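Novice: Handing you this structure, nothing more for now.
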Amino acid sequence: MDAGANLRLIERLDRYRARISARDAGVVVHGSLVRTIGLVMEARGIPVAIGERCFVESESGRLVSAEAVGFDGDRVLLMAEGHGDGLAPGARVIPAGRTVEVAVGPQLLGRVVDGAGLALDGNGKLRCADRIPLFGRPVNPLRRALVDVPLDVGVRTVNTLFTLGRGSRFGLFAGSGVGKSVLLGMMARYTSADVVVVGLIGERGREVKEFIDCILGPDGLAKAVVVAAPADASALERVHGAYRATAIAEYFREQGQHVLLLIDSLTRFAMAQREIGLAIGEIPASRGYPPSVFQRIAALCERAGNGEKGAGSITALYTVLVEGDDLNDPVADSTRAVLDGHLMLTRRLAEAGHFPAIDIGASVSRVMSSVVPDEQMQLARRLKRLCSLLEANRDMITIGAYRPGNDVELDRAVTLRPKIEEFLRQDMGTASSFAAGLKALAEIVGD
């Protein structure tokens with residue numbers, strides 16, 4: 001290869017944000033594409049590590065970004081970050097010499113990017129000077145700050161009954177069409193966090209624009225970064241979208257800011273990782289999910305949380321799509337074990353027009369006792385007890401078999417039922433501060 005061809009190749013790599021140093025301009029080491037099987041490409045002649053970025057040159061000269069996802073003898077298994085149209089046997093494979101990095105900076109605020117970090121909003125090219133690893137840097141768990149401060153998310157039920165601690169990680173479990181995206185949008189718009197990072201992973205393309213324009217709105221977008229990797233993106237890009245959103249949140253945390261990270265949905269992330277694992281030959285373990293999926297879920301969630309003392313925090317909310325409303329789904333079951341609490345949304349409440357459709361009895365916050373005073377804990381327990389009595393006797397009340405005077409506590413629950421339902425409902429266009437919610441709770445169940 002002559003010097004002119006080398007220079008043209010380096011210019012193309014620069015357009016894909018590959019920082020090739022001057023000393024590498026003389027000789028560009030490359031291998032060749034051997035074959036493609038399904039989603040996986042096999043290449044020979046390149047010394048790369050797992051997770052390292054490569055570029056595959058198509059017949060038209062287009063460079064396709066790919067990641068090394070495994071080995072088979074002397075063959076490297078690659079997966080394209082985008083679509084591999086135009087790739088042919090013998091295509092050149094050029095290693096970038098490093099793992100995938102994320103461009104970060106304050107310029108990201110108010111912007112929408114895809115899973116590869118390219119701008120989607122038409123507001124010009126992003127020019128961020130800093131780079132951090134896509135897969136993050138581990139934080140010593142003993143050096144993390146404790147979760148002891150509440151985070152106001154602007155949703156009355158969550159603030160008062162299932163308080164999120166700053167630096168905690170929660171799951172939002174729901175079937176399709178019960179309002180989980182609307183609830184996420186309310187939290188993103190009304191939260192007291194400094195920065196909001198939203199990862200829309202594997203969702204329909206129509207829902208991406210709808211979430212940004214109608215649910216998040218201009219005010220919410222002003223302090224937010226949206227990473228969108230919709231359903232038509234490749235499996236690797238969907239996985240990278242979740243990692244990219246987390247890495248951006250980590251950057252702002254290291255700047256001392258308090259971040260609310262919203263990933264919608266963790267289930268789509270798991271499905272994309274399942275595609276990758278099965279494509280490279282992993283054996284399925286549970287309902288078609290290979291073991292790597294559950295390890296990746298735990299590793300992704302562990303990256304959120306508080307930083308070291310003096311740094312900021314990442315409070316994370318992950319939506320989990322419960323297929324067929326089955327709470328024993330492998331992804332839902334494994335996710336509950338690694339989170340600090342979960343909010344269950346039920347179809348019964350959604351069909352009755354009750355929003356947010358949070359199931360009070362099935363939801364829990366494991367950090368609430370550490371971030372709120374005992375007085376609020378007692379008020380929350382009283383309201384939950386009244387809700388439990390109403391639910392247990394719902395059929396009897398509905399058919400008219402309930403008679404007052406037999407159970408004083410049930411009588412009180414029935415009397416307060418209209419106020420309780422009004423308290424638990426909240427329109428998506430209305431915010432409720434932490435103090436206002438606590439005052440309303442005390443007026444219902446306070447002594």
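To be explicit about the labels: the chains of the structure tokens are called A, B, and onward in the order shown, and within each one the residues are counted from 1, while ligands get numbers from 1 in the order they are shown.
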Need the shell around stretch 350-357 of chain A: protein/DNA/RNA residues with any atom at most 9 Å away, counting only C-alpha atoms. Skip same-chain ones fewer than 2 positions apart. Format as a VMD selection string?

Specialist: chain A and resid 155 157 177 to 180 182 to 183 344 to 348 359 421 424 to 428

Novice: Do you know which residues are at most 8 Å from A:Lys309 counting only C-alpha atoms, after dropping those on the same chain fewer than 5 positions away, and could you put them as a ChimeraX atom specification?

Specialist: /A:143-145

Novice: Taking 5 positions as the minimum chain separation for residues in the same chain, which residues sit within 9 Å of A:Val158 when counting only C-alpha atoms? Answer as a list in words.

Specialist: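 Close residues of A:Val158: Asp152, Val153, Thr163, Leu164, Leu343 and Ile358 of chain A.
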
Novice: Convert the current residue selection to file output with all heavy atoms, as a PDB file, in the first residue's frame.

Specialist:
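Written output follows (again.pdb):
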```pdb
ATOM      1  N   ASP A 152     -36.221  14.102  44.805  1.00  0.00           N
ATOM      2  CA  ASP A 152     -37.570  14.503  44.401  1.00  0.00           C
ATOM      3  C   ASP A 152     -37.726  14.238  42.908  1.00  0.00           C
ATOM      4  O   ASP A 152     -36.974  14.778  42.090  1.00  0.00           O
ATOM      5  CB  ASP A 152     -37.774  15.990  44.706  1.00  0.00           C
ATOM      6  CG  ASP A 152     -39.219  16.436  44.495  1.00  0.00           C
ATOM      7  OD1 ASP A 152     -39.995  15.684  43.901  1.00  0.00           O
ATOM      8  OD2 ASP A 152     -39.551  17.551  44.941  1.00  0.00           O
ATOM      9  N   VAL A 153     -38.715  13.391  42.531  1.00  0.00           N
ATOM     10  CA  VAL A 153     -38.953  13.096  41.121  1.00  0.00           C
ATOM     11  C   VAL A 153     -40.254  13.699  40.621  1.00  0.00           C
ATOM     12  O   VAL A 153     -40.647  13.474  39.477  1.00  0.00           O
ATOM     13  CB  VAL A 153     -38.943  11.569  40.864  1.00  0.00           C
ATOM     14  CG1 VAL A 153     -37.566  10.991  41.101  1.00  0.00           C
ATOM     15  CG2 VAL A 153     -39.990  10.858  41.714  1.00  0.00           C
ATOM     16  N   THR A 163     -39.940   6.306  48.274  1.00  0.00           N
ATOM     17  CA  THR A 163     -38.957   7.366  48.060  1.00  0.00           C
ATOM     18  C   THR A 163     -37.673   6.828  47.446  1.00  0.00           C
ATOM     19  O   THR A 163     -37.121   5.825  47.895  1.00  0.00           O
ATOM     20  CB  THR A 163     -38.627   8.060  49.386  1.00  0.00           C
ATOM     21  OG1 THR A 163     -39.842   8.405  50.050  1.00  0.00           O
ATOM     22  CG2 THR A 163     -37.810   9.309  49.158  1.00  0.00           C
ATOM     23  N   LEU A 164     -37.204   7.518  46.409  1.00  0.00           N
ATOM     24  CA  LEU A 164     -35.927   7.182  45.789  1.00  0.00           C
ATOM     25  C   LEU A 164     -34.812   7.913  46.518  1.00  0.00           C
ATOM     26  O   LEU A 164     -34.888   9.131  46.723  1.00  0.00           O
ATOM     27  CB  LEU A 164     -35.912   7.597  44.315  1.00  0.00           C
ATOM     28  CG  LEU A 164     -36.511   6.629  43.291  1.00  0.00           C
ATOM     29  CD1 LEU A 164     -37.981   6.405  43.517  1.00  0.00           C
ATOM     30  CD2 LEU A 164     -36.248   7.141  41.872  1.00  0.00           C
ATOM     31  N   LEU A 343     -41.033  -0.580  41.184  1.00  0.00           N
ATOM     32  CA  LEU A 343     -42.390  -0.069  41.065  1.00  0.00           C
ATOM     33  C   LEU A 343     -43.117  -0.939  40.059  1.00  0.00           C
ATOM     34  O   LEU A 343     -42.675  -1.089  38.919  1.00  0.00           O
ATOM     35  CB  LEU A 343     -42.384   1.391  40.591  1.00  0.00           C
ATOM     36  CG  LEU A 343     -41.609   2.389  41.450  1.00  0.00           C
ATOM     37  CD1 LEU A 343     -41.558   3.746  40.758  1.00  0.00           C
ATOM     38  CD2 LEU A 343     -42.220   2.520  42.827  1.00  0.00           C
ATOM     39  N   ILE A 358     -49.585   2.492  39.533  1.00  0.00           N
ATOM     40  CA  ILE A 358     -48.639   1.830  40.436  1.00  0.00           C
ATOM     41  C   ILE A 358     -49.399   0.930  41.401  1.00  0.00           C
ATOM     42  O   ILE A 358     -50.329   1.376  42.076  1.00  0.00           O
ATOM     43  CB  ILE A 358     -47.807   2.862  41.215  1.00  0.00           C
ATOM     44  CG1 ILE A 358     -46.993   3.730  40.243  1.00  0.00           C
ATOM     45  CG2 ILE A 358     -46.881   2.174  42.207  1.00  0.00           C
ATOM     46  CD1 ILE A 358     -46.241   4.860  40.911  1.00  0.00           C
TER      47      ILE A 358
END
```

Novice: Which residues of stretch 128-226 of chain A come within 8 Å of stretch 310-333 of chain A, and for each one, what is the closest pair of atoms and their distance in Å to one decimal, counting only C-alpha atoms, sorted by chain and residue number, as CSV?

Specialist:
```
residue,atom,partner,partner_atom,distance
A:Leu164,CA,A:Thr315,CA,8.0
A:Gly165,CA,A:Thr315,CA,7.5
A:Arg166,CA,A:Thr315,CA,5.6
A:Gly167,CA,A:Thr315,CA,4.3
A:Ser168,CA,A:Thr315,CA,5.1
A:Arg169,CA,A:Ala316,CA,4.7
A:Phe170,CA,A:Leu317,CA,4.9
A:Gly171,CA,A:Tyr318,CA,4.8
A:Leu172,CA,A:Thr319,CA,4.4
A:Phe173,CA,A:Val320,CA,4.8
A:Ala174,CA,A:Leu321,CA,5.4
A:Gly175,CA,A:Val322,CA,4.8
A:Ser176,CA,A:Leu321,CA,6.8
A:Lys180,CA,A:Thr319,CA,7.3
```

Novice: Give me a file of those residues, with C-alpha atoms, as a compact mmCIF listing (two decimals), in the first residue's frame.

Specialist:
```
# COMPACT_ATOMS: atom_id res chain seq x y z
CA LEU A 164 -35.93 7.18 45.79
CA GLY A 165 -32.62 7.83 47.49
CA ARG A 166 -30.04 9.84 45.62
CA GLY A 167 -27.75 7.17 44.15
CA SER A 168 -30.28 4.31 44.32
CA ARG A 169 -31.32 2.02 41.45
CA PHE A 170 -34.96 1.15 40.82
CA GLY A 171 -36.87 -0.97 38.35
CA LEU A 172 -40.13 0.01 36.69
CA PHE A 173 -41.92 -3.26 35.89
CA ALA A 174 -44.84 -3.16 33.48
CA GLY A 175 -46.52 -4.90 30.60
CA SER A 176 -47.00 -3.12 27.30
CA LYS A 180 -44.33 3.32 31.90
```

Novice: If I take atom CA of A:Phe294 and atom CA of A:Arg336, how far is one from the other in Å, to one decimal?

Specialist: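 Atom CA of A:Arg336 lies at a distance of 11.6 Å from atom CA of A:Phe294.
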
Novice: Quick one: of A:Asn406, A:Ser286, A:Asn159, A:Ser365, who's nearest to A:Ser433, counting only C-alpha atoms?

Specialist: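 Closest residue, counting only C-alpha atoms: A:Asn159.
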
Novice: Between A:Gly45, A:Gly361, A:Gly73, A:Gly429, which one has atoms that come closest to A:Met187, using only C-alpha atoms?

Specialist: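 Of A:Gly45, A:Gly361, A:Gly73, A:Gly429, the one nearest A:Met187 is A:Gly429, counting only C-alpha atoms.
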
Novice: Run DSSP on the backbone of this structure and report the residues of stretch 302-383 of chain A it assigns to helix (DSSP H, G or I), as a count of residues only.

Specialist: 32

Novice: Go through A:Val227, A:Ala279, A:Leu300, A:Cys387 and flag the residue nearest A:Asp264, using only C-alpha atoms for the distances.

Specialist: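 Smallest distance to A:Asp264 is found for A:Val227.
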
Novice: Find the residues around A:Val195 up to 10 Å (only C-alpha atoms counted), leave out those fewer than 2 positions away in its own chain, and share them as JSON, numbers by chain.

Specialist: {"A": [109, 188, 191, 192, 193, 197, 198, 220, 221, 222, 223, 224, 225, 249, 252, 253, 257, 258, 259, 260, 261, 314]}

Novice: Name the residues in contact with stretch 56-64 of chain A at a cut-off of 9 Å, using only C-alpha atoms, excluding same-chain residues fewer than 6 positions from it; report them as a CSV table (one decimal) with C-alpha atoms, in the first residue's frame.

Specialist:
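Ended up saving to around30.csv:
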```
chain,number,residue,atom,x,y,z
A,12,ARG,CA,-11.7,8.1,6.4
A,13,LEU,CA,-10.9,6.7,9.9
A,16,TYR,CA,-15.4,7.9,12.2
A,32,SER,CA,-9.3,-9.7,6.0
A,33,LEU,CA,-12.9,-10.7,6.3
A,80,ALA,CA,-21.0,-4.6,13.1
A,81,GLU,CA,-22.2,-1.6,15.1
A,82,GLY,CA,-24.4,-0.6,12.2
A,83,HIS,CA,-25.6,-2.5,9.1
A,84,GLY,CA,-23.1,-4.5,7.2
A,85,ASP,CA,-24.5,-3.9,3.7
A,86,GLY,CA,-21.8,-4.0,1.0
A,87,LEU,CA,-19.3,-6.1,2.9
A,88,ALA,CA,-17.7,-8.9,0.9
A,91,ALA,CA,-12.7,-7.0,2.9
A,92,ARG,CA,-10.0,-5.2,4.8
A,93,VAL,CA,-10.4,-5.2,8.6
A,94,ILE,CA,-8.5,-2.4,10.3
A,95,PRO,CA,-8.1,-2.4,14.1
```

Novice: Mind giving me the straight-line distance from atom CA of A:Pro47 to atom CA of A:Val34 in Å, one decimal?

Specialist: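 Atom CA of A:Pro47 sits 15.1 Å away from atom CA of A:Val34.
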
Novice: I want to know what sits within 10 Å of A:Pro138, based on only C-alpha atoms, with residues of the same chain fewer than 4 positions away left out; could you give that as number ranges by chain?

Specialist: A: 299, 302-303

Novice: Given the choices A:Leu339, A:Ala49, A:Leu108, A:Val445, which gets closest to A:Ala129 if the distance is worked out from only C-alpha atoms?

Specialist: A:Leu108

Novice: Give the answer as one residue: which of A:Leu386, A:Ile276, A:Met368, A:Cys54 has the shortest atom-to-atom distance to A:Asp148, using only C-alpha atoms?

Specialist: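 Once distances to A:Asp148 are computed over only C-alpha atoms, the minimum belongs to A:Met368.
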
Novice: I need the residues of stretch 40-85 of chain A that end up classed as strand (DSSP E or B) by DSSP on the backbone, written out as number ranges by chain.

Specialist: A: 40-44, 52-57, 63-72, 75-80

Novice: What is the distance between atom CA of A:Phe162 and atom CA of A:Gly185, in Å to one decimal?

Specialist: 17.7 Å

Novice: Any idea what's packed within 12 Å of A:Gln378, counting only C-alpha atoms, ignoring anything in its chain fewer than 3 positions away? Could you give it as a PDB file with N, CA and C atoms, in the first residue's frame?

Specialist:
```
ATOM      1  N   THR A 160     -43.667   9.919  48.227  1.00  0.00           N
ATOM      2  CA  THR A 160     -44.154   9.714  49.594  1.00  0.00           C
ATOM      3  C   THR A 160     -44.150   8.262  50.037  1.00  0.00           C
ATOM      4  N   LEU A 161     -44.447   7.335  49.119  1.00  0.00           N
ATOM      5  CA  LEU A 161     -44.597   5.933  49.504  1.00  0.00           C
ATOM      6  C   LEU A 161     -43.409   5.063  49.121  1.00  0.00           C
ATOM      7  N   MET A 368     -35.834   3.508  51.409  1.00  0.00           N
ATOM      8  CA  MET A 368     -36.674   4.579  51.935  1.00  0.00           C
ATOM      9  C   MET A 368     -36.401   4.843  53.406  1.00  0.00           C
ATOM     10  N   SER A 369     -36.211   3.794  54.198  1.00  0.00           N
ATOM     11  CA  SER A 369     -35.986   3.986  55.631  1.00  0.00           C
ATOM     12  C   SER A 369     -34.687   4.721  55.920  1.00  0.00           C
ATOM     13  N   VAL A 372     -35.624   8.990  54.614  1.00  0.00           N
ATOM     14  CA  VAL A 372     -36.738   9.822  55.100  1.00  0.00           C
ATOM     15  C   VAL A 372     -36.875   9.644  56.609  1.00  0.00           C
ATOM     16  N   PRO A 373     -37.474  10.604  57.319  1.00  0.00           N
ATOM     17  CA  PRO A 373     -37.655  10.486  58.769  1.00  0.00           C
ATOM     18  C   PRO A 373     -38.692   9.422  59.118  1.00  0.00           C
ATOM     19  N   ASP A 374     -38.686   9.003  60.391  1.00  0.00           N
ATOM     20  CA  ASP A 374     -39.617   7.969  60.852  1.00  0.00           C
ATOM     21  C   ASP A 374     -41.072   8.401  60.698  1.00  0.00           C
ATOM     22  N   GLU A 375     -41.352   9.695  60.856  1.00  0.00           N
ATOM     23  CA  GLU A 375     -42.727  10.164  60.722  1.00  0.00           C
ATOM     24  C   GLU A 375     -43.296   9.853  59.331  1.00  0.00           C
ATOM     25  N   ARG A 381     -46.746   3.702  55.889  1.00  0.00           N
ATOM     26  CA  ARG A 381     -47.246   2.387  56.287  1.00  0.00           C
ATOM     27  C   ARG A 381     -48.760   2.416  56.505  1.00  0.00           C
ATOM     28  N   ARG A 382     -49.266   3.489  57.083  1.00  0.00           N
ATOM     29  CA  ARG A 382     -50.711   3.590  57.307  1.00  0.00           C
ATOM     30  C   ARG A 382     -51.484   3.594  55.992  1.00  0.00           C
ATOM     31  N   LEU A 383     -50.997   4.378  55.040  1.00  0.00           N
ATOM     32  CA  LEU A 383     -51.700   4.437  53.764  1.00  0.00           C
ATOM     33  C   LEU A 383     -51.620   3.089  53.045  1.00  0.00           C
ATOM     34  N   LYS A 384     -50.463   2.443  53.090  1.00  0.00           N
ATOM     35  CA  LYS A 384     -50.319   1.131  52.449  1.00  0.00           C
ATOM     36  C   LYS A 384     -51.248   0.114  53.103  1.00  0.00           C
ATOM     37  N   ARG A 385     -51.401   0.209  54.427  1.00  0.00           N
ATOM     38  CA  ARG A 385     -52.300  -0.705  55.128  1.00  0.00           C
ATOM     39  C   ARG A 385     -53.741  -0.489  54.682  1.00  0.00           C
ATOM     40  N   LEU A 438     -45.960  15.161  50.842  1.00  0.00           N
ATOM     41  CA  LEU A 438     -45.940  14.753  52.254  1.00  0.00           C
ATOM     42  C   LEU A 438     -47.070  15.431  53.029  1.00  0.00           C
ATOM     43  N   LEU A 441     -50.291  13.622  52.188  1.00  0.00           N
ATOM     44  CA  LEU A 441     -50.329  12.320  52.847  1.00  0.00           C
ATOM     45  C   LEU A 441     -50.713  12.475  54.304  1.00  0.00           C
ATOM     46  N   ALA A 442     -50.141  13.465  54.977  1.00  0.00           N
ATOM     47  CA  ALA A 442     -50.454  13.686  56.394  1.00  0.00           C
ATOM     48  C   ALA A 442     -51.912  14.086  56.591  1.00  0.00           C
ATOM     49  N   VAL A 445     -53.919  10.481  56.383  1.00  0.00           N
ATOM     50  CA  VAL A 445     -53.727   9.416  57.385  1.00  0.00           C
ATOM     51  C   VAL A 445     -53.044   9.919  58.663  1.00  0.00           C
ATOM     52  N   GLY A 446     -52.774  11.203  58.736  1.00  0.00           N
ATOM     53  CA  GLY A 446     -52.140  11.725  59.960  1.00  0.00           C
ATOM     54  C   GLY A 446     -53.090  11.701  61.143  1.00  0.00           C
ATOM     55  N   ASP A 447     -52.549  11.683  62.358  1.00  0.00           N
ATOM     56  CA  ASP A 447     -53.350  11.676  63.573  1.00  0.00           C
ATOM     57  C   ASP A 447     -54.081  12.997  63.770  1.00  0.00           C
TER      58      ASP A 447
END
```
